[in-house]
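Single-structure report; data block below.
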Amino acid sequence: MKRENPIPDIKTPKEFKQRSHEVFDQKLLNLIAGSKTEQWTEVGWRGIMLDNGTVWIDSDIGKITAINYQSSFEKKLKQTLIQQQKDYVHSSLKQFKNPVYTIRTEKYLIRVDELANGKYRYASWKIGNKENAQPDIIINNGKLEFGGSGGNHVITFTNRNYTYKIYRNIIAEKNASDITLDVEKDNQKILSQPGTLVAD
């Protein structure tokens, strides 16, 4: 079950049992238990959602597929984990609103953060370096664009005649990478690498 970054995802049934209280607080339990039939909507192949997507259930197998709700516990945990990241990263990267992605490609370690002004920041290092080292590149002007309604999106950064694009592949073919990094120079693609999301 996906949780909001930097909270770790819940990956196994055992972990779900251990952490269920973090997600399902009394407020959410009351919302589900007290919900009326008309609050649940079928949304094609995605399943059934409660209200505007607070809870998603796969209607074919009856399993919860997503919880778009954050308990008080998770809100506090998120702020604690963000502060830990701010304490760790290089001094040039300590100012940000939310961490978005940490990505590993064949050649690069990449960090993407949301800034207080609504823009996104790209920082990268050669593989082998860590996030507390001076980044090789920092670009602060990233813009987020969604492609369709499946959640796929791209964050685009411009540095003079270079363009860096981070594609998040949520709805994709089987075995597709989590992330694709494309780099263009003068509108000509010069690099394309698949990437993996790094769990902190």
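Lettering and numbering for the structure tokens are positional, with chains as A, B, ... in the shown order, residues counted from 1 in each chain, and ligands counted from 1 in the shown order.
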
Report task. Return as a ChimeraX atom specification the full set of residues in chain A whose backbone-based DSSP assignment is alpha helix (DSSP H). Result -> /A:13-23,26-33,72-88

Export, as an mmCIF file, in the first residue's frame, the selected residues with N, CA and C atoms.
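File written: again.cif
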```cif
data_model
loop_
_atom_site.group_PDB
_atom_site.id
_atom_site.type_symbol
_atom_site.label_atom_id
_atom_site.label_comp_id
_atom_site.auth_asym_id
_atom_site.auth_seq_id
_atom_site.Cartn_x
_atom_site.Cartn_y
_atom_site.Cartn_z
ATOM 1 N N PRO A 13 1.666 -8.427 3.980
ATOM 2 C CA PRO A 13 0.537 -8.598 4.908
ATOM 3 C C PRO A 13 0.967 -8.459 6.373
ATOM 4 N N LYS A 14 2.146 -8.976 6.717
ATOM 5 C CA LYS A 14 2.643 -8.875 8.094
ATOM 6 C C LYS A 14 2.848 -7.408 8.474
ATOM 7 N N GLU A 15 3.448 -6.652 7.568
ATOM 8 C CA GLU A 15 3.690 -5.234 7.832
ATOM 9 C C GLU A 15 2.368 -4.480 7.925
ATOM 10 N N PHE A 16 1.379 -4.881 7.127
ATOM 11 C CA PHE A 16 0.072 -4.241 7.187
ATOM 12 C C PHE A 16 -0.551 -4.432 8.570
ATOM 13 N N LYS A 17 -0.439 -5.628 9.118
ATOM 14 C CA LYS A 17 -0.981 -5.882 10.457
ATOM 15 C C LYS A 17 -0.271 -5.033 11.505
ATOM 16 N N GLN A 18 1.046 -4.912 11.355
ATOM 17 C CA GLN A 18 1.829 -4.152 12.334
ATOM 18 C C GLN A 18 1.539 -2.653 12.259
ATOM 19 N N ARG A 19 1.238 -2.151 11.045
ATOM 20 C CA ARG A 19 1.110 -0.705 10.846
ATOM 21 C C ARG A 19 -0.317 -0.239 10.564
ATOM 22 N N SER A 20 -1.289 -1.135 10.631
ATOM 23 C CA SER A 20 -2.655 -0.763 10.260
ATOM 24 C C SER A 20 -3.190 0.388 11.106
ATOM 25 N N HIS A 21 -2.787 0.444 12.387
ATOM 26 C CA HIS A 21 -3.252 1.521 13.267
ATOM 27 C C HIS A 21 -2.730 2.888 12.825
ATOM 28 N N GLU A 22 -1.590 2.902 12.082
ATOM 29 C CA GLU A 22 -1.039 4.164 11.590
ATOM 30 C C GLU A 22 -1.941 4.767 10.512
ATOM 31 N N VAL A 23 -2.560 3.892 9.732
ATOM 32 C CA VAL A 23 -3.388 4.330 8.600
ATOM 33 C C VAL A 23 -4.843 4.473 9.020
ATOM 34 N N GLN A 26 -9.304 6.242 14.251
ATOM 35 C CA GLN A 26 -10.738 6.158 14.547
ATOM 36 C C GLN A 26 -11.568 6.995 13.582
ATOM 37 N N LYS A 27 -11.022 8.135 13.141
ATOM 38 C CA LYS A 27 -11.758 8.999 12.211
ATOM 39 C C LYS A 27 -12.031 8.275 10.897
ATOM 40 N N LEU A 28 -11.017 7.594 10.352
ATOM 41 C CA LEU A 28 -11.204 6.876 9.089
ATOM 42 C C LEU A 28 -12.115 5.674 9.278
ATOM 43 N N LEU A 29 -11.941 4.956 10.391
ATOM 44 C CA LEU A 29 -12.811 3.809 10.659
ATOM 45 C C LEU A 29 -14.271 4.241 10.754
ATOM 46 N N ASN A 30 -14.514 5.374 11.414
ATOM 47 C CA ASN A 30 -15.887 5.874 11.532
ATOM 48 C C ASN A 30 -16.446 6.271 10.173
ATOM 49 N N LEU A 31 -15.581 6.874 9.322
ATOM 50 C CA LEU A 31 -16.022 7.263 7.979
ATOM 51 C C LEU A 31 -16.456 6.042 7.172
ATOM 52 N N ILE A 32 -15.662 4.984 7.225
ATOM 53 C CA ILE A 32 -15.975 3.765 6.468
ATOM 54 C C ILE A 32 -17.223 3.092 7.037
ATOM 55 N N ALA A 33 -17.233 2.923 8.366
ATOM 56 C CA ALA A 33 -18.349 2.207 9.003
ATOM 57 C C ALA A 33 -19.671 2.947 8.846
ATOM 58 N N SER A 72 -3.360 11.451 11.992
ATOM 59 C CA SER A 72 -2.501 12.359 12.779
ATOM 60 C C SER A 72 -1.141 11.732 12.993
ATOM 61 N N PHE A 73 -1.117 10.415 13.214
ATOM 62 C CA PHE A 73 0.157 9.715 13.397
ATOM 63 C C PHE A 73 1.040 9.871 12.165
ATOM 64 N N GLU A 74 0.443 9.642 10.973
ATOM 65 C CA GLU A 74 1.232 9.741 9.747
ATOM 66 C C GLU A 74 1.678 11.171 9.467
ATOM 67 N N LYS A 75 0.837 12.156 9.797
ATOM 68 C CA LYS A 75 1.234 13.551 9.593
ATOM 69 C C LYS A 75 2.467 13.895 10.425
ATOM 70 N N LYS A 76 2.481 13.440 11.677
ATOM 71 C CA LYS A 76 3.635 13.686 12.541
ATOM 72 C C LYS A 76 4.856 12.913 12.050
ATOM 73 N N LEU A 77 4.641 11.661 11.648
ATOM 74 C CA LEU A 77 5.733 10.836 11.138
ATOM 75 C C LEU A 77 6.351 11.459 9.896
ATOM 76 N N LYS A 78 5.508 11.973 8.995
ATOM 77 C CA LYS A 78 6.009 12.609 7.774
ATOM 78 C C LYS A 78 6.923 13.782 8.109
ATOM 79 N N GLN A 79 6.507 14.629 9.034
ATOM 80 C CA GLN A 79 7.322 15.794 9.392
ATOM 81 C C GLN A 79 8.638 15.380 10.041
ATOM 82 N N THR A 80 8.603 14.328 10.848
ATOM 83 C CA THR A 80 9.825 13.813 11.465
ATOM 84 C C THR A 80 10.800 13.302 10.404
ATOM 85 N N LEU A 81 10.280 12.544 9.442
ATOM 86 C CA LEU A 81 11.128 11.978 8.392
ATOM 87 C C LEU A 81 11.675 13.069 7.470
ATOM 88 N N ILE A 82 10.867 14.099 7.181
ATOM 89 C CA ILE A 82 11.347 15.216 6.365
ATOM 90 C C ILE A 82 12.486 15.936 7.081
ATOM 91 N N GLN A 83 12.334 16.157 8.389
ATOM 92 C CA GLN A 83 13.395 16.834 9.139
ATOM 93 C C GLN A 83 14.672 16.003 9.143
ATOM 94 N N GLN A 84 14.542 14.681 9.241
ATOM 95 C CA GLN A 84 15.717 13.812 9.183
ATOM 96 C C GLN A 84 16.444 13.956 7.850
ATOM 97 N N GLN A 85 15.669 14.066 6.758
ATOM 98 C CA GLN A 85 16.284 14.260 5.449
ATOM 99 C C GLN A 85 16.975 15.615 5.375
ATOM 100 N N LYS A 86 16.337 16.652 5.900
ATOM 101 C CA LYS A 86 16.947 17.986 5.876
ATOM 102 C C LYS A 86 18.247 18.016 6.671
ATOM 103 N N ASP A 87 18.277 17.267 7.752
ATOM 104 C CA ASP A 87 19.497 17.198 8.563
ATOM 105 C C ASP A 87 20.619 16.469 7.828
ATOM 106 N N TYR A 88 20.238 15.549 6.915
ATOM 107 C CA TYR A 88 21.236 14.698 6.253
ATOM 108 C C TYR A 88 21.782 15.283 4.956
#
```

Select from segment 112-175 of chain A every residue with an atom at most 7 Å from any atom of segment 92-107 of chain A, then for each give the shortest pair of atoms and their distance in Å to one decimal, using only C-alpha atoms, rows by chain and rising number, as JSON lines.
```
{"residue": "A:Val112", "atom": "CA", "partner": "A:Tyr101", "partner_atom": "CA", "distance": 5.1}
{"residue": "A:Asp113", "atom": "CA", "partner": "A:Pro99", "partner_atom": "CA", "distance": 4.4}
{"residue": "A:Glu114", "atom": "CA", "partner": "A:Asn98", "partner_atom": "CA", "distance": 5.1}
{"residue": "A:Leu115", "atom": "CA", "partner": "A:Phe96", "partner_atom": "CA", "distance": 4.6}
{"residue": "A:Ala116", "atom": "CA", "partner": "A:Lys97", "partner_atom": "CA", "distance": 5.2}
{"residue": "A:Lys126", "atom": "CA", "partner": "A:Lys107", "partner_atom": "CA", "distance": 6.0}
{"residue": "A:Ile127", "atom": "CA", "partner": "A:Lys107", "partner_atom": "CA", "distance": 5.4}
```

Could you dump the residues just selected with N, CA and C atoms as a short mmCIF file (atom, residue, chain, number, x, y, z; two decimals), in the first residue's frame?
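Wrote it out as part-v4.cif, contents follow:
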```
data_model
loop_
_atom_site.label_atom_id
_atom_site.label_comp_id
_atom_site.auth_asym_id
_atom_site.auth_seq_id
_atom_site.Cartn_x
_atom_site.Cartn_y
_atom_site.Cartn_z
N VAL A 112 14.60 14.72 -6.27
CA VAL A 112 13.64 15.73 -6.70
C VAL A 112 12.84 16.15 -5.48
N ASP A 113 12.80 17.46 -5.23
CA ASP A 113 12.05 18.00 -4.10
C ASP A 113 11.06 19.06 -4.58
N GLU A 114 9.94 19.17 -3.87
CA GLU A 114 9.02 20.28 -4.09
C GLU A 114 9.46 21.44 -3.21
N LEU A 115 9.55 22.64 -3.79
CA LEU A 115 9.98 23.82 -3.06
C LEU A 115 8.77 24.59 -2.54
N ALA A 116 9.02 25.54 -1.66
CA ALA A 116 7.94 26.31 -1.05
C ALA A 116 7.15 27.14 -2.06
N LYS A 126 26.87 11.65 -9.51
CA LYS A 126 27.30 10.41 -10.17
C LYS A 126 27.11 9.26 -9.18
N ILE A 127 26.76 8.10 -9.71
CA ILE A 127 26.55 6.92 -8.87
C ILE A 127 27.80 6.68 -8.02
#
```

Query - Given only C-alpha atoms as the counted atoms, nearest of A:Lys63, A:Gly147, A:Asp182, A:Ala176 to Tyr162 of chain A - result: A:Asp182

Query - atom CA of Gly53 of chain A to atom CA of Lys2 of chain A, distance in Å rounded to a single decimal - result: 13.8 Å

Query raised in the report: Which residues come within 12 Å of Glu184 of chain A, counting only C-alpha atoms, excluding same-chain residues fewer than 5 positions away, as a list in words?
Result: Thr156, Phe157, Thr158, Asn159, Arg160, Asn161, Tyr162, Thr163, Tyr164, Lys165, Ile166, Lys189, Ile190, Leu191 and Ser192 of chain A

Report summary line: Computed gap from atom CA of Asp58 of chain A to atom CA of Ser71 of chain A is 22.4 Å

Requested in this report: Extract, using only C-alpha atoms, all DNA, RNA and protein residues at most 9 Å from Asn129 of chain A, discarding same-chain residues fewer than 5 positions from it, and format them as a list in words.
Outcome: Tyr108, Leu109 and Pro135 of chain A

Can I get the selection written as a short mmCIF file (atom, residue, chain, number, x, y, z; two decimals), in the first residue's frame, with C-alpha atoms?
```
data_model
loop_
_atom_site.label_atom_id
_atom_site.label_comp_id
_atom_site.auth_asym_id
_atom_site.auth_seq_id
_atom_site.Cartn_x
_atom_site.Cartn_y
_atom_site.Cartn_z
CA TYR A 108 23.14 8.89 -11.58
CA LEU A 109 21.63 9.37 -8.15
CA PRO A 135 25.52 17.83 -6.04
#
```

Query raised in the report: Which is closest to Asp25 of chain A among A:Ile155, A:Val43, A:Met1, A:Ile67, if we use only C-alpha atoms?
Result: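 Closest candidate: A:Ile67.
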